[in-house]
$ cat my_file-v3.pdb   # PDB, C-alpha atoms
MODEL        1
ATOM      1  CA  MET A   1     107.890  62.189 129.408  1.00  0.00           C
ATOM      2  CA  ALA A   2     107.266  65.812 128.434  1.00  0.00           C
ATOM      3  CA  GLY A   3     110.528  65.987 126.468  1.00  0.00           C
ATOM      4  CA  LYS A   4     114.259  66.363 126.948  1.00  0.00           C
ATOM      5  CA  ILE A   5     116.202  69.135 128.671  1.00  0.00           C
ATOM      6  CA  LEU A   6     119.900  69.698 128.035  1.00  0.00           C
ATOM      7  CA  PHE A   7     121.557  71.000 131.198  1.00  0.00           C
ATOM      8  CA  VAL A   8     125.124  72.310 130.933  1.00  0.00           C
ATOM      9  CA  GLY A   9     127.404  73.085 133.900  1.00  0.00           C
ATOM     10  CA  GLU A  10     127.074  72.760 137.690  1.00  0.00           C
ATOM     11  CA  SER A  11     130.272  70.715 138.017  1.00  0.00           C
ATOM     12  CA  TRP A  12     133.815  71.380 139.177  1.00  0.00           C
ATOM     13  CA  HIS A  13     137.177  69.845 139.962  1.00  0.00           C
ATOM     14  CA  VAL A  14     139.043  70.843 143.142  1.00  0.00           C
ATOM     15  CA  HIS A  15     142.827  70.761 143.475  1.00  0.00           C
ATOM     16  CA  THR A  16     143.954  70.959 147.109  1.00  0.00           C
ATOM     17  CA  MET A  17     147.366  71.314 148.726  1.00  0.00           C
ATOM     18  CA  GLU A  18     147.914  70.375 152.378  1.00  0.00           C
ATOM     19  CA  SER A  19     150.988  71.149 154.420  1.00  0.00           C
ATOM     20  CA  LYS A  20     151.730  69.130 157.565  1.00  0.00           C
ATOM     21  CA  GLY A  21     155.088  70.210 158.910  1.00  0.00           C
ATOM     22  CA  PHE A  22     157.803  68.979 156.575  1.00  0.00           C
ATOM     23  CA  ASP A  23     155.357  67.145 154.340  1.00  0.00           C
ATOM     24  CA  VAL A  24     153.265  68.720 151.619  1.00  0.00           C
ATOM     25  CA  PHE A  25     150.851  66.758 149.470  1.00  0.00           C
ATOM     26  CA  THR A  26     148.052  67.450 147.017  1.00  0.00           C
ATOM     27  CA  TYR A  27     144.837  65.718 146.076  1.00  0.00           C
ATOM     28  CA  ASP A  28     141.977  66.292 143.668  1.00  0.00           C
ATOM     29  CA  TYR A  29     138.278  65.582 143.660  1.00  0.00           C
ATOM     30  CA  TYR A  30     135.274  66.182 141.445  1.00  0.00           C
ATOM     31  CA  GLU A  31     131.756  67.345 142.343  1.00  0.00           C
ATOM     32  CA  GLU A  32     128.414  68.016 140.683  1.00  0.00           C
ATOM     33  CA  ALA A  33     125.463  70.042 141.998  1.00  0.00           C
ATOM     34  CA  VAL A  34     122.642  69.050 139.660  1.00  0.00           C
ATOM     35  CA  GLY A  35     120.815  66.821 142.139  1.00  0.00           C
ATOM     36  CA  TYR A  36     118.131  69.241 143.316  1.00  0.00           C
ATOM     37  CA  ILE A  37     117.195  70.644 139.917  1.00  0.00           C
ATOM     38  CA  GLN A  38     117.405  67.285 138.189  1.00  0.00           C
ATOM     39  CA  GLU A  39     114.987  65.846 140.717  1.00  0.00           C
ATOM     40  CA  ALA A  40     112.674  68.857 140.320  1.00  0.00           C
ATOM     41  CA  LEU A  41     112.557  68.707 136.527  1.00  0.00           C
ATOM     42  CA  CYS A  42     112.225  64.923 136.377  1.00  0.00           C
ATOM     43  CA  ALA A  43     109.371  65.135 138.910  1.00  0.00           C
ATOM     44  CA  ASN A  44     107.586  67.343 136.382  1.00  0.00           C
ATOM     45  CA  GLY A  45     107.978  64.736 133.635  1.00  0.00           C
ATOM     46  CA  TRP A  46     111.077  66.034 131.879  1.00  0.00           C
ATOM     47  CA  GLU A  47     114.004  63.905 130.762  1.00  0.00           C
ATOM     48  CA  PHE A  48     117.248  65.394 132.062  1.00  0.00           C
ATOM     49  CA  GLU A  49     120.525  65.180 130.124  1.00  0.00           C
ATOM     50  CA  HIS A  50     123.579  66.644 131.851  1.00  0.00           C
ATOM     51  CA  ILE A  51     126.828  67.816 130.272  1.00  0.00           C
ATOM     52  CA  PRO A  52     129.392  68.653 132.985  1.00  0.00           C
ATOM     53  CA  SER A  53     131.537  71.694 132.244  1.00  0.00           C
ATOM     54  CA  HIS A  54     134.682  69.690 131.459  1.00  0.00           C
ATOM     55  CA  LEU A  55     132.841  67.598 128.845  1.00  0.00           C
ATOM     56  CA  VAL A  56     131.311  70.469 126.866  1.00  0.00           C
ATOM     57  CA  GLU A  57     134.049  70.172 124.211  1.00  0.00           C
ATOM     58  CA  GLN A  58     133.209  66.526 123.567  1.00  0.00           C
ATOM     59  CA  ARG A  59     129.460  66.338 124.121  1.00  0.00           C
ATOM     60  CA  PHE A  60     127.788  69.637 123.244  1.00  0.00           C
ATOM     61  CA  PRO A  61     125.727  69.323 120.023  1.00  0.00           C
ATOM     62  CA  ARG A  62     127.468  70.486 116.862  1.00  0.00           C
ATOM     63  CA  SER A  63     124.512  72.193 115.169  1.00  0.00           C
ATOM     64  CA  ALA A  64     121.292  74.057 115.884  1.00  0.00           C
ATOM     65  CA  GLU A  65     119.479  71.142 114.262  1.00  0.00           C
ATOM     66  CA  ALA A  66     121.041  68.751 116.791  1.00  0.00           C
ATOM     67  CA  LEU A  67     119.968  71.109 119.594  1.00  0.00           C
ATOM     68  CA  SER A  68     116.393  71.063 118.313  1.00  0.00           C
ATOM     69  CA  GLN A  69     115.815  67.626 119.881  1.00  0.00           C
ATOM     70  CA  TYR A  70     115.699  69.399 123.267  1.00  0.00           C
ATOM     71  CA  ALA A  71     112.707  71.269 124.634  1.00  0.00           C
ATOM     72  CA  ALA A  72     115.092  73.615 126.457  1.00  0.00           C
ATOM     73  CA  VAL A  73     118.785  74.240 127.010  1.00  0.00           C
ATOM     74  CA  PHE A  74     120.007  75.345 130.445  1.00  0.00           C
ATOM     75  CA  PHE A  75     123.370  76.916 131.314  1.00  0.00           C
ATOM     76  CA  SER A  76     124.267  77.009 135.007  1.00  0.00           C
ATOM     77  CA  ASP A  77     127.644  78.010 136.432  1.00  0.00           C
ATOM     78  CA  VAL A  78     129.562  77.429 133.211  1.00  0.00           C
ATOM     79  CA  GLY A  79     131.493  80.337 131.709  1.00  0.00           C
ATOM     80  CA  ALA A  80     131.346  81.586 128.139  1.00  0.00           C
ATOM     81  CA  ASN A  81     134.955  80.564 127.458  1.00  0.00           C
ATOM     82  CA  THR A  82     134.031  76.921 127.959  1.00  0.00           C
ATOM     83  CA  LEU A  83     131.527  77.269 125.107  1.00  0.00           C
ATOM     84  CA  ASN A  84     133.197  79.673 122.711  1.00  0.00           C
ATOM     85  CA  LEU A  85     136.909  78.853 123.035  1.00  0.00           C
ATOM     86  CA  PRO A  86     137.249  75.288 121.726  1.00  0.00           C
ATOM     87  CA  MET A  87     140.594  73.522 121.655  1.00  0.00           C
ATOM     88  CA  ASN A  88     140.621  73.650 117.848  1.00  0.00           C
ATOM     89  CA  VAL A  89     140.949  77.425 118.199  1.00  0.00           C
ATOM     90  CA  PHE A  90     143.019  77.692 121.381  1.00  0.00           C
ATOM     91  CA  MET A  91     145.554  74.963 120.604  1.00  0.00           C
ATOM     92  CA  ARG A  92     145.431  74.518 116.830  1.00  0.00           C
ATOM     93  CA  GLN A  93     144.268  77.935 115.546  1.00  0.00           C
ATOM     94  CA  GLN A  94     141.563  76.340 113.391  1.00  0.00           C
ATOM     95  CA  PRO A  95     138.389  78.414 112.942  1.00  0.00           C
ATOM     96  CA  THR A  96     135.550  76.481 114.614  1.00  0.00           C
ATOM     97  CA  LEU A  97     131.826  77.105 114.916  1.00  0.00           C
ATOM     98  CA  ASN A  98     130.953  79.015 118.083  1.00  0.00           C
ATOM     99  CA  LYS A  99     128.587  77.052 120.346  1.00  0.00           C
ATOM    100  CA  LEU A 100     126.992  80.288 121.582  1.00  0.00           C
ATOM    101  CA  ASP A 101     125.978  81.089 118.006  1.00  0.00           C
ATOM    102  CA  LEU A 102     124.360  77.649 117.818  1.00  0.00           C
ATOM    103  CA  VAL A 103     122.293  78.383 120.921  1.00  0.00           C
ATOM    104  CA  ARG A 104     121.149  81.710 119.463  1.00  0.00           C
ATOM    105  CA  GLU A 105     120.125  80.006 116.201  1.00  0.00           C
ATOM    106  CA  TYR A 106     118.347  77.246 118.140  1.00  0.00           C
ATOM    107  CA  VAL A 107     116.294  79.804 120.118  1.00  0.00           C
ATOM    108  CA  GLU A 108     115.628  81.972 117.092  1.00  0.00           C
ATOM    109  CA  ASN A 109     114.111  78.920 115.403  1.00  0.00           C
ATOM    110  CA  GLY A 110     111.808  78.177 118.334  1.00  0.00           C
ATOM    111  CA  GLY A 111     113.939  76.619 121.069  1.00  0.00           C
ATOM    112  CA  ALA A 112     114.001  77.605 124.736  1.00  0.00           C
ATOM    113  CA  PHE A 113     116.954  78.744 126.816  1.00  0.00           C
ATOM    114  CA  CYS A 114     117.455  79.407 130.530  1.00  0.00           C
ATOM    115  CA  MET A 115     120.495  80.705 132.365  1.00  0.00           C
ATOM    116  CA  ILE A 116     120.682  80.047 136.113  1.00  0.00           C
ATOM    117  CA  GLY A 117     122.781  82.282 138.350  1.00  0.00           C
ATOM    118  CA  GLY A 118     126.127  81.537 139.947  1.00  0.00           C
ATOM    119  CA  TYR A 119     129.787  82.456 140.085  1.00  0.00           C
ATOM    120  CA  LEU A 120     130.246  81.510 136.409  1.00  0.00           C
ATOM    121  CA  SER A 121     126.862  82.649 135.091  1.00  0.00           C
ATOM    122  CA  PHE A 122     125.935  85.956 133.434  1.00  0.00           C
ATOM    123  CA  GLN A 123     129.092  87.973 134.294  1.00  0.00           C
ATOM    124  CA  GLY A 124     129.951  86.215 137.551  1.00  0.00           C
ATOM    125  CA  ILE A 125     132.895  86.559 139.872  1.00  0.00           C
ATOM    126  CA  GLN A 126     135.395  89.148 138.600  1.00  0.00           C
ATOM    127  CA  GLY A 127     133.436  89.163 135.331  1.00  0.00           C
ATOM    128  CA  ARG A 128     134.941  85.774 134.452  1.00  0.00           C
ATOM    129  CA  ALA A 129     131.720  84.164 133.237  1.00  0.00           C
ATOM    130  CA  ALA A 130     132.067  86.730 130.425  1.00  0.00           C
ATOM    131  CA  TYR A 131     128.657  86.549 128.743  1.00  0.00           C
ATOM    132  CA  LYS A 132     128.508  90.320 128.178  1.00  0.00           C
ATOM    133  CA  ARG A 133     128.266  91.148 124.442  1.00  0.00           C
ATOM    134  CA  THR A 134     127.843  87.506 123.431  1.00  0.00           C
ATOM    135  CA  PRO A 135     124.962  85.818 121.578  1.00  0.00           C
ATOM    136  CA  ILE A 136     123.682  84.674 124.987  1.00  0.00           C
ATOM    137  CA  GLU A 137     123.183  88.242 126.208  1.00  0.00           C
ATOM    138  CA  GLU A 138     121.430  88.945 122.906  1.00  0.00           C
ATOM    139  CA  ILE A 139     118.843  86.216 123.449  1.00  0.00           C
ATOM    140  CA  LEU A 140     118.360  86.624 127.208  1.00  0.00           C
ATOM    141  CA  PRO A 141     115.537  88.856 128.541  1.00  0.00           C
ATOM    142  CA  VAL A 142     118.154  90.799 130.545  1.00  0.00           C
ATOM    143  CA  THR A 143     121.196  92.952 129.911  1.00  0.00           C
ATOM    144  CA  LEU A 144     124.362  92.223 131.849  1.00  0.00           C
ATOM    145  CA  LEU A 145     126.544  94.523 133.907  1.00  0.00           C
ATOM    146  CA  GLU A 146     130.160  95.282 133.141  1.00  0.00           C
ATOM    147  CA  GLY A 147     132.486  93.304 135.404  1.00  0.00           C
ATOM    148  CA  ASP A 148     131.561  91.423 138.573  1.00  0.00           C
ATOM    149  CA  ASP A 149     127.773  91.259 138.945  1.00  0.00           C
ATOM    150  CA  ARG A 150     127.511  89.262 142.191  1.00  0.00           C
ATOM    151  CA  VAL A 151     125.429  90.433 145.129  1.00  0.00           C
ATOM    152  CA  GLU A 152     126.540  88.517 148.220  1.00  0.00           C
ATOM    153  CA  LYS A 153     123.998  88.434 151.050  1.00  0.00           C
ATOM    154  CA  SER A 154     125.642  86.324 153.741  1.00  0.00           C
ATOM    155  CA  GLY A 155     122.889  87.225 156.213  1.00  0.00           C
ATOM    156  CA  GLY A 156     120.199  86.142 153.785  1.00  0.00           C
ATOM    157  CA  ILE A 157     117.769  88.199 151.732  1.00  0.00           C
ATOM    158  CA  CYS A 158     114.053  87.782 151.098  1.00  0.00           C
ATOM    159  CA  VAL A 159     112.551  87.003 147.706  1.00  0.00           C
ATOM    160  CA  GLU A 160     109.361  88.808 146.673  1.00  0.00           C
ATOM    161  CA  ALA A 161     106.757  87.591 144.189  1.00  0.00           C
ATOM    162  CA  VAL A 162     105.699  90.893 142.601  1.00  0.00           C
ATOM    163  CA  ASP A 163     103.226  89.280 140.167  1.00  0.00           C
ATOM    164  CA  PRO A 164     101.642  86.305 141.987  1.00  0.00           C
ATOM    165  CA  SER A 165      99.193  85.786 139.117  1.00  0.00           C
ATOM    166  CA  HIS A 166     101.982  85.017 136.643  1.00  0.00           C
ATOM    167  CA  ALA A 167     101.941  81.472 135.228  1.00  0.00           C
ATOM    168  CA  ALA A 168     105.443  80.845 136.582  1.00  0.00           C
ATOM    169  CA  LEU A 169     104.102  81.257 140.122  1.00  0.00           C
ATOM    170  CA  THR A 170     101.034  79.024 139.921  1.00  0.00           C
ATOM    171  CA  GLY A 171     100.816  76.961 143.096  1.00  0.00           C
ATOM    172  CA  ILE A 172     103.862  78.634 144.682  1.00  0.00           C
ATOM    173  CA  PRO A 173     103.569  79.457 148.418  1.00  0.00           C
ATOM    174  CA  ALA A 174     103.544  83.164 149.182  1.00  0.00           C
ATOM    175  CA  GLN A 175     106.495  82.860 151.568  1.00  0.00           C
ATOM    176  CA  TRP A 176     109.803  82.081 149.856  1.00  0.00           C
ATOM    177  CA  PRO A 177     112.934  80.925 151.723  1.00  0.00           C
ATOM    178  CA  GLN A 178     115.803  83.379 151.852  1.00  0.00           C
ATOM    179  CA  ILE A 179     118.697  83.193 149.408  1.00  0.00           C
ATOM    180  CA  LEU A 180     122.347  84.066 150.077  1.00  0.00           C
ATOM    181  CA  GLY A 181     123.240  85.855 146.869  1.00  0.00           C
ATOM    182  CA  TYR A 182     122.448  86.431 143.198  1.00  0.00           C
ATOM    183  CA  ASN A 183     123.681  88.028 139.963  1.00  0.00           C
ATOM    184  CA  ARG A 184     122.496  91.612 139.480  1.00  0.00           C
ATOM    185  CA  LEU A 185     120.736  91.931 136.112  1.00  0.00           C
ATOM    186  CA  ASN A 186     118.712  94.535 134.239  1.00  0.00           C
ATOM    187  CA  SER A 187     115.497  93.344 132.611  1.00  0.00           C
ATOM    188  CA  LYS A 188     114.995  94.282 128.959  1.00  0.00           C
ATOM    189  CA  GLU A 189     112.016  96.285 127.788  1.00  0.00           C
ATOM    190  CA  GLY A 190     108.973  94.064 127.441  1.00  0.00           C
ATOM    191  CA  ALA A 191     110.368  91.269 129.617  1.00  0.00           C
ATOM    192  CA  GLN A 192     108.223  89.711 132.344  1.00  0.00           C
ATOM    193  CA  VAL A 193     109.595  90.042 135.911  1.00  0.00           C
ATOM    194  CA  PRO A 194     107.306  88.095 138.266  1.00  0.00           C
ATOM    195  CA  VAL A 195     109.899  87.756 141.048  1.00  0.00           C
ATOM    196  CA  LYS A 196     112.387  90.233 142.515  1.00  0.00           C
ATOM    197  CA  VAL A 197     114.977  90.322 145.252  1.00  0.00           C
ATOM    198  CA  GLY A 198     115.193  93.818 146.661  1.00  0.00           C
ATOM    199  CA  ASN A 199     114.958  96.104 143.640  1.00  0.00           C
ATOM    200  CA  ASP A 200     116.621  93.602 141.321  1.00  0.00           C
ATOM    201  CA  PRO A 201     114.924  91.021 139.080  1.00  0.00           C
ATOM    202  CA  LEU A 202     115.249  87.412 140.207  1.00  0.00           C
ATOM    203  CA  LEU A 203     113.111  85.660 137.581  1.00  0.00           C
ATOM    204  CA  VAL A 204     112.835  87.199 134.119  1.00  0.00           C
ATOM    205  CA  LEU A 205     111.075  85.700 131.099  1.00  0.00           C
ATOM    206  CA  GLY A 206     111.070  86.859 127.518  1.00  0.00           C
ATOM    207  CA  SER A 207     111.319  85.817 123.888  1.00  0.00           C
ATOM    208  CA  TYR A 208     113.796  85.892 121.039  1.00  0.00           C
ATOM    209  CA  GLY A 209     112.814  85.139 117.467  1.00  0.00           C
ATOM    210  CA  LYS A 210     110.391  82.215 117.632  1.00  0.00           C
ATOM    211  CA  GLY A 211     111.778  80.991 120.976  1.00  0.00           C
ATOM    212  CA  ARG A 212     111.537  81.810 124.658  1.00  0.00           C
ATOM    213  CA  THR A 213     114.184  82.613 127.218  1.00  0.00           C
ATOM    214  CA  CYS A 214     114.569  82.880 130.976  1.00  0.00           C
ATOM    215  CA  ALA A 215     117.058  84.352 133.441  1.00  0.00           C
ATOM    216  CA  PHE A 216     117.015  83.026 137.005  1.00  0.00           C
ATOM    217  CA  ALA A 217     119.411  85.258 138.906  1.00  0.00           C
ATOM    218  CA  THR A 218     120.244  83.026 141.855  1.00  0.00           C
ATOM    219  CA  ASP A 219     121.579  79.474 141.988  1.00  0.00           C
ATOM    220  CA  CYS A 220     119.693  76.177 141.764  1.00  0.00           C
ATOM    221  CA  ALA A 221     121.916  74.640 144.478  1.00  0.00           C
ATOM    222  CA  PRO A 222     123.970  75.770 147.483  1.00  0.00           C
ATOM    223  CA  HIS A 223     125.543  78.092 148.357  1.00  0.00           C
ATOM    224  CA  TRP A 224     123.380  80.963 147.025  1.00  0.00           C
ATOM    225  CA  ALA A 225     120.346  78.670 147.085  1.00  0.00           C
ATOM    226  CA  PRO A 226     120.778  77.085 150.523  1.00  0.00           C
ATOM    227  CA  VAL A 227     119.325  73.698 151.409  1.00  0.00           C
ATOM    228  CA  PRO A 228     116.065  75.180 152.836  1.00  0.00           C
ATOM    229  CA  PHE A 229     115.479  76.806 149.425  1.00  0.00           C
ATOM    230  CA  CYS A 230     116.258  73.657 147.428  1.00  0.00           C
ATOM    231  CA  THR A 231     114.063  71.494 149.656  1.00  0.00           C
ATOM    232  CA  TRP A 232     111.261  74.093 149.886  1.00  0.00           C
ATOM    233  CA  GLU A 233     107.848  72.835 148.778  1.00  0.00           C
ATOM    234  CA  GLY A 234     107.749  75.457 146.027  1.00  0.00           C
ATOM    235  CA  TYR A 235     111.080  74.484 144.416  1.00  0.00           C
ATOM    236  CA  LYS A 236     109.813  71.611 142.249  1.00  0.00           C
ATOM    237  CA  VAL A 237     106.623  73.504 141.423  1.00  0.00           C
ATOM    238  CA  LEU A 238     108.617  76.563 140.363  1.00  0.00           C
ATOM    239  CA  TRP A 239     110.838  74.680 137.925  1.00  0.00           C
ATOM    240  CA  GLY A 240     107.863  72.845 136.485  1.00  0.00           C
ATOM    241  CA  ASN A 241     106.124  76.182 135.937  1.00  0.00           C
ATOM    242  CA  ILE A 242     109.209  77.752 134.367  1.00  0.00           C
ATOM    243  CA  MET A 243     109.473  74.883 131.898  1.00  0.00           C
ATOM    244  CA  ARG A 244     105.812  75.250 130.972  1.00  0.00           C
ATOM    245  CA  CYS A 245     106.394  78.966 130.338  1.00  0.00           C
ATOM    246  CA  LEU A 246     109.371  78.122 128.140  1.00  0.00           C
ATOM    247  CA  ALA A 247     108.128  75.089 126.252  1.00  0.00           C
ATOM    248  CA  ASP A 248     104.327  75.227 126.014  1.00  0.00           C
TER     249      ASP A 248
ENDMDL
END

$ encode --input "my_file-v3.pdb" --output "structure tokens"
Amino acid sequence: MAGKILFVGESWHVHTMESKGFDVFTYDYYEEAVGYIQEALCANGWEFEHIPSHLVEQRFPRSAEALSQYAAVFFSDVGANTLNLPMNVFMRQQPTLNKLDLVREYVENGGAFCMIGGYLSFQGIQGRAAYKRTPIEEILPVTLLEGDDRVEKSGGICVEAVDPSHAALTGIPAQWPQILGYNRLNSKEGAQVPVKVGNDPLLVLGSYGKGRTCAFATDCAPHWAPVPFCTWEGYKVLWGNIMRCLAD
């Protein structure tokens, strides 16, 4: 194994109400969407540890030292409030260490961090991911918009490799599948932008302190990354390359 990756998010609960004439009933179910990226990273020799969004309070490491056991930390479709508003603060008004500060310290000391796009990544739908002006924006190689940063492309949009010689694109086919949406981001000065969608960055790599960071502006699973994207021959290669850029 190349090392361990801590992957946070890509899970949700659904609460549904159905009305059938006089009768109304509700039901709930739970889903995860880590299958494609877990398979891709494990295929490249990485050990994959997943913390679903609803278990962040219980399972997320309590110190930067504890985080240092991981070669990289990924956030995907999990909002800032889940990380920086613990129950000790919200329910009991007890000052508690902010998990986003821990991630910044971890990267500053040489760790790697990647945020993957989605409705609760970067700023997200209605700005509810809320990473603007947090330690995560500070360490990322991008600046975030104010408010809702989604770009919905229901008809599909093409991805363009603008720097095919970049290490992140080694072995990647020239033709990428279309995606159905992404978070609009602005790359920071000095950041590497090997892939764009339209005029916007799709893959951005940079550094913070002794560590390295990455922003991947679209999803790693449907719906923004439809099945043809997630099963594309370049998908596993891409994530293996990204990890080498982050951890080597």

$ atom_distance --input "my_file-v3.pdb" --atom1 "CA of Lys99 in chain A" --atom2 "CA of Leu67 in chain A"
10.5 Å

$ residues_around --input "my_file-v3.pdb" --residues "Asn98 in chain A" --least-positions-apart "5" --cutoff "9 Å" --atoms "all atoms listed in the file" --output "JSON, numbers by chain"
{"A": [83, 84, 85, 86]}

$ residues_around --input "my_file-v3.pdb" --residues "range 198-200 of chain A" --least-positions-apart "3" --cutoff "12 Å" --atoms "only C-alpha atoms" --output "number ranges by chain"
A: 142, 149-151, 153, 156-162, 178-179, 181-187, 193-195, 203-204, 216-218

$ closest_residue --input "my_file-v3.pdb" --among "A:Ala72, A:Ala64, A:Leu6, A:Leu169" --to "Glu105 in chain A" --atoms "only C-alpha atoms"
A:Ala64

$ residues_near_point --input "my_file-v3.pdb" --point "(125.8, 62.3, 127.8)" --cutoff "10 Å" --atoms "all atoms listed in the file" --output "PyMOL selection string"
chain A and resi 6+49-52+55-56+58-60

$ resolve_selection --input "my_file-v3.pdb" --expression "the PyMOL selection byres ((chain A and resi 224) around 9)" --output "list in words"
Gly117, Gly118, Glu152, Lys153, Ser154, Ile179, Leu180, Gly181, Tyr182, Thr218, Asp219, Cys220, Ala221, Pro222, His223, Ala225 and Pro226 of chain A

$ residues_around --input "my_file-v3.pdb" --residues "Ala43 in chain A" --least-positions-apart "4" --cutoff "9 Å" --atoms "only C-alpha atoms" --output "list in words"
Gln38, Glu39, Lys236 and Gly240 of chain A

$ residues_around --input "my_file-v3.pdb" --residues "Leu238 in chain A" --least-positions-apart "4" --cutoff "10 Å" --atoms "all atoms listed in the file" --output "PyMOL selection string"
chain A and resi 40-41+167-173+233-234+242-244

$ closest_residue --input "my_file-v3.pdb" --among "A:Leu205, A:Ile139, A:Met87, A:Val24" --to "Glu108 in chain A" --atoms "all atoms listed in the file"
A:Ile139

$ closest_residue --input "my_file-v3.pdb" --among "A:Phe22, A:Tyr29, A:Trp46, A:Tyr36" --to "Phe229 in chain A" --atoms "only C-alpha atoms"
A:Tyr36

$ atom_distance --input "my_file-v3.pdb" --atom1 "CA of Gly190 in chain A" --atom2 "CA of Arg212 in chain A"
12.8 Å

$ resolve_selection --input "my_file-v3.pdb" --expression "the PyMOL selection byres ((chain A and resi 107) around 9)" --output "PDB file with C-alpha atoms, keeping the file's coordinate frame"
ATOM      1  CA  ALA A  64     121.292  74.057 115.884  1.00  0.00           C
ATOM      2  CA  SER A  68     116.393  71.063 118.313  1.00  0.00           C
ATOM      3  CA  ALA A  72     115.092  73.615 126.457  1.00  0.00           C
ATOM      4  CA  LEU A 102     124.360  77.649 117.818  1.00  0.00           C
ATOM      5  CA  VAL A 103     122.293  78.383 120.921  1.00  0.00           C
ATOM      6  CA  ARG A 104     121.149  81.710 119.463  1.00  0.00           C
ATOM      7  CA  GLU A 105     120.125  80.006 116.201  1.00  0.00           C
ATOM      8  CA  TYR A 106     118.347  77.246 118.140  1.00  0.00           C
ATOM      9  CA  GLU A 108     115.628  81.972 117.092  1.00  0.00           C
ATOM     10  CA  ASN A 109     114.111  78.920 115.403  1.00  0.00           C
ATOM     11  CA  GLY A 110     111.808  78.177 118.334  1.00  0.00           C
ATOM     12  CA  GLY A 111     113.939  76.619 121.069  1.00  0.00           C
ATOM     13  CA  ALA A 112     114.001  77.605 124.736  1.00  0.00           C
ATOM     14  CA  PHE A 113     116.954  78.744 126.816  1.00  0.00           C
ATOM     15  CA  ILE A 139     118.843  86.216 123.449  1.00  0.00           C
ATOM     16  CA  SER A 207     111.319  85.817 123.888  1.00  0.00           C
ATOM     17  CA  TYR A 208     113.796  85.892 121.039  1.00  0.00           C
ATOM     18  CA  GLY A 209     112.814  85.139 117.467  1.00  0.00           C
ATOM     19  CA  LYS A 210     110.391  82.215 117.632  1.00  0.00           C
ATOM     20  CA  GLY A 211     111.778  80.991 120.976  1.00  0.00           C
ATOM     21  CA  ARG A 212     111.537  81.810 124.658  1.00  0.00           C
ATOM     22  CA  THR A 213     114.184  82.613 127.218  1.00  0.00           C
TER      23      THR A 213
END

$ residues_around --input "my_file-v3.pdb" --residues "Ala80 in chain A" --least-positions-apart "2" --cutoff "9 Å" --atoms "only C-alpha atoms" --output "VMD selection string"
chain A and resid 78 82 to 85 100 120 to 122 128 to 131 134 136

$ write_last_selection --input "my_file-v3.pdb" --atoms "C-alpha atoms" --output "PDB file, keeping the file's coordinate frame"
ATOM      1  CA  VAL A  78     129.562  77.429 133.211  1.00  0.00           C
ATOM      2  CA  THR A  82     134.031  76.921 127.959  1.00  0.00           C
ATOM      3  CA  LEU A  83     131.527  77.269 125.107  1.00  0.00           C
ATOM      4  CA  ASN A  84     133.197  79.673 122.711  1.00  0.00           C
ATOM      5  CA  LEU A  85     136.909  78.853 123.035  1.00  0.00           C
ATOM      6  CA  LEU A 100     126.992  80.288 121.582  1.00  0.00           C
ATOM      7  CA  LEU A 120     130.246  81.510 136.409  1.00  0.00           C
ATOM      8  CA  SER A 121     126.862  82.649 135.091  1.00  0.00           C
ATOM      9  CA  PHE A 122     125.935  85.956 133.434  1.00  0.00           C
ATOM     10  CA  ARG A 128     134.941  85.774 134.452  1.00  0.00           C
ATOM     11  CA  ALA A 129     131.720  84.164 133.237  1.00  0.00           C
ATOM     12  CA  ALA A 130     132.067  86.730 130.425  1.00  0.00           C
ATOM     13  CA  TYR A 131     128.657  86.549 128.743  1.00  0.00           C
ATOM     14  CA  THR A 134     127.843  87.506 123.431  1.00  0.00           C
ATOM     15  CA  ILE A 136     123.682  84.674 124.987  1.00  0.00           C
TER      16      ILE A 136
END

$ atom_distance --input "my_file-v3.pdb" --atom1 "CA of Ala2 in chain A" --atom2 "CA of Phe74 in chain A"
16.0 Å

$ resolve_selection --input "my_file-v3.pdb" --expression "the PyMOL selection byres ((chain A and resi 145-147) around 7)" --output "PyMOL selection string"
chain A and resi 123+126-127+143-144+148-149+185

$ write_last_selection --input "my_file-v3.pdb" --atoms "C-alpha atoms" --output "PDB file, in the coordinates of the input"
ATOM      1  CA  GLN A 123     129.092  87.973 134.294  1.00  0.00           C
ATOM      2  CA  GLN A 126     135.395  89.148 138.600  1.00  0.00           C
ATOM      3  CA  GLY A 127     133.436  89.163 135.331  1.00  0.00           C
ATOM      4  CA  THR A 143     121.196  92.952 129.911  1.00  0.00           C
ATOM      5  CA  LEU A 144     124.362  92.223 131.849  1.00  0.00           C
ATOM      6  CA  ASP A 148     131.561  91.423 138.573  1.00  0.00           C
ATOM      7  CA  ASP A 149     127.773  91.259 138.945  1.00  0.00           C
ATOM      8  CA  LEU A 185     120.736  91.931 136.112  1.00  0.00           C
TER       9      LEU A 185
END

$ closest_residue --input "my_file-v3.pdb" --among "A:Ser53, A:Ser76, A:Gln175, A:Ser63" --to "Trp12 in chain A" --atoms "all atoms listed in the file"
A:Ser53

$ closest_residue --input "my_file-v3.pdb" --among "A:Leu202, A:Val73, A:Val34, A:Val197" --to "Gly3 in chain A" --atoms "all atoms listed in the file"
A:Val73

$ axis_aligned_box --input "my_file-v3.pdb" --around "range 41-57 of chain A" --padding-each-side "5 Å" --output "AutoDock Vina command-line options"
--center_x 121.1 --center_y 67.8 --center_z 131.6 --size_x 37.1 --size_y 17.8 --size_z 24.7
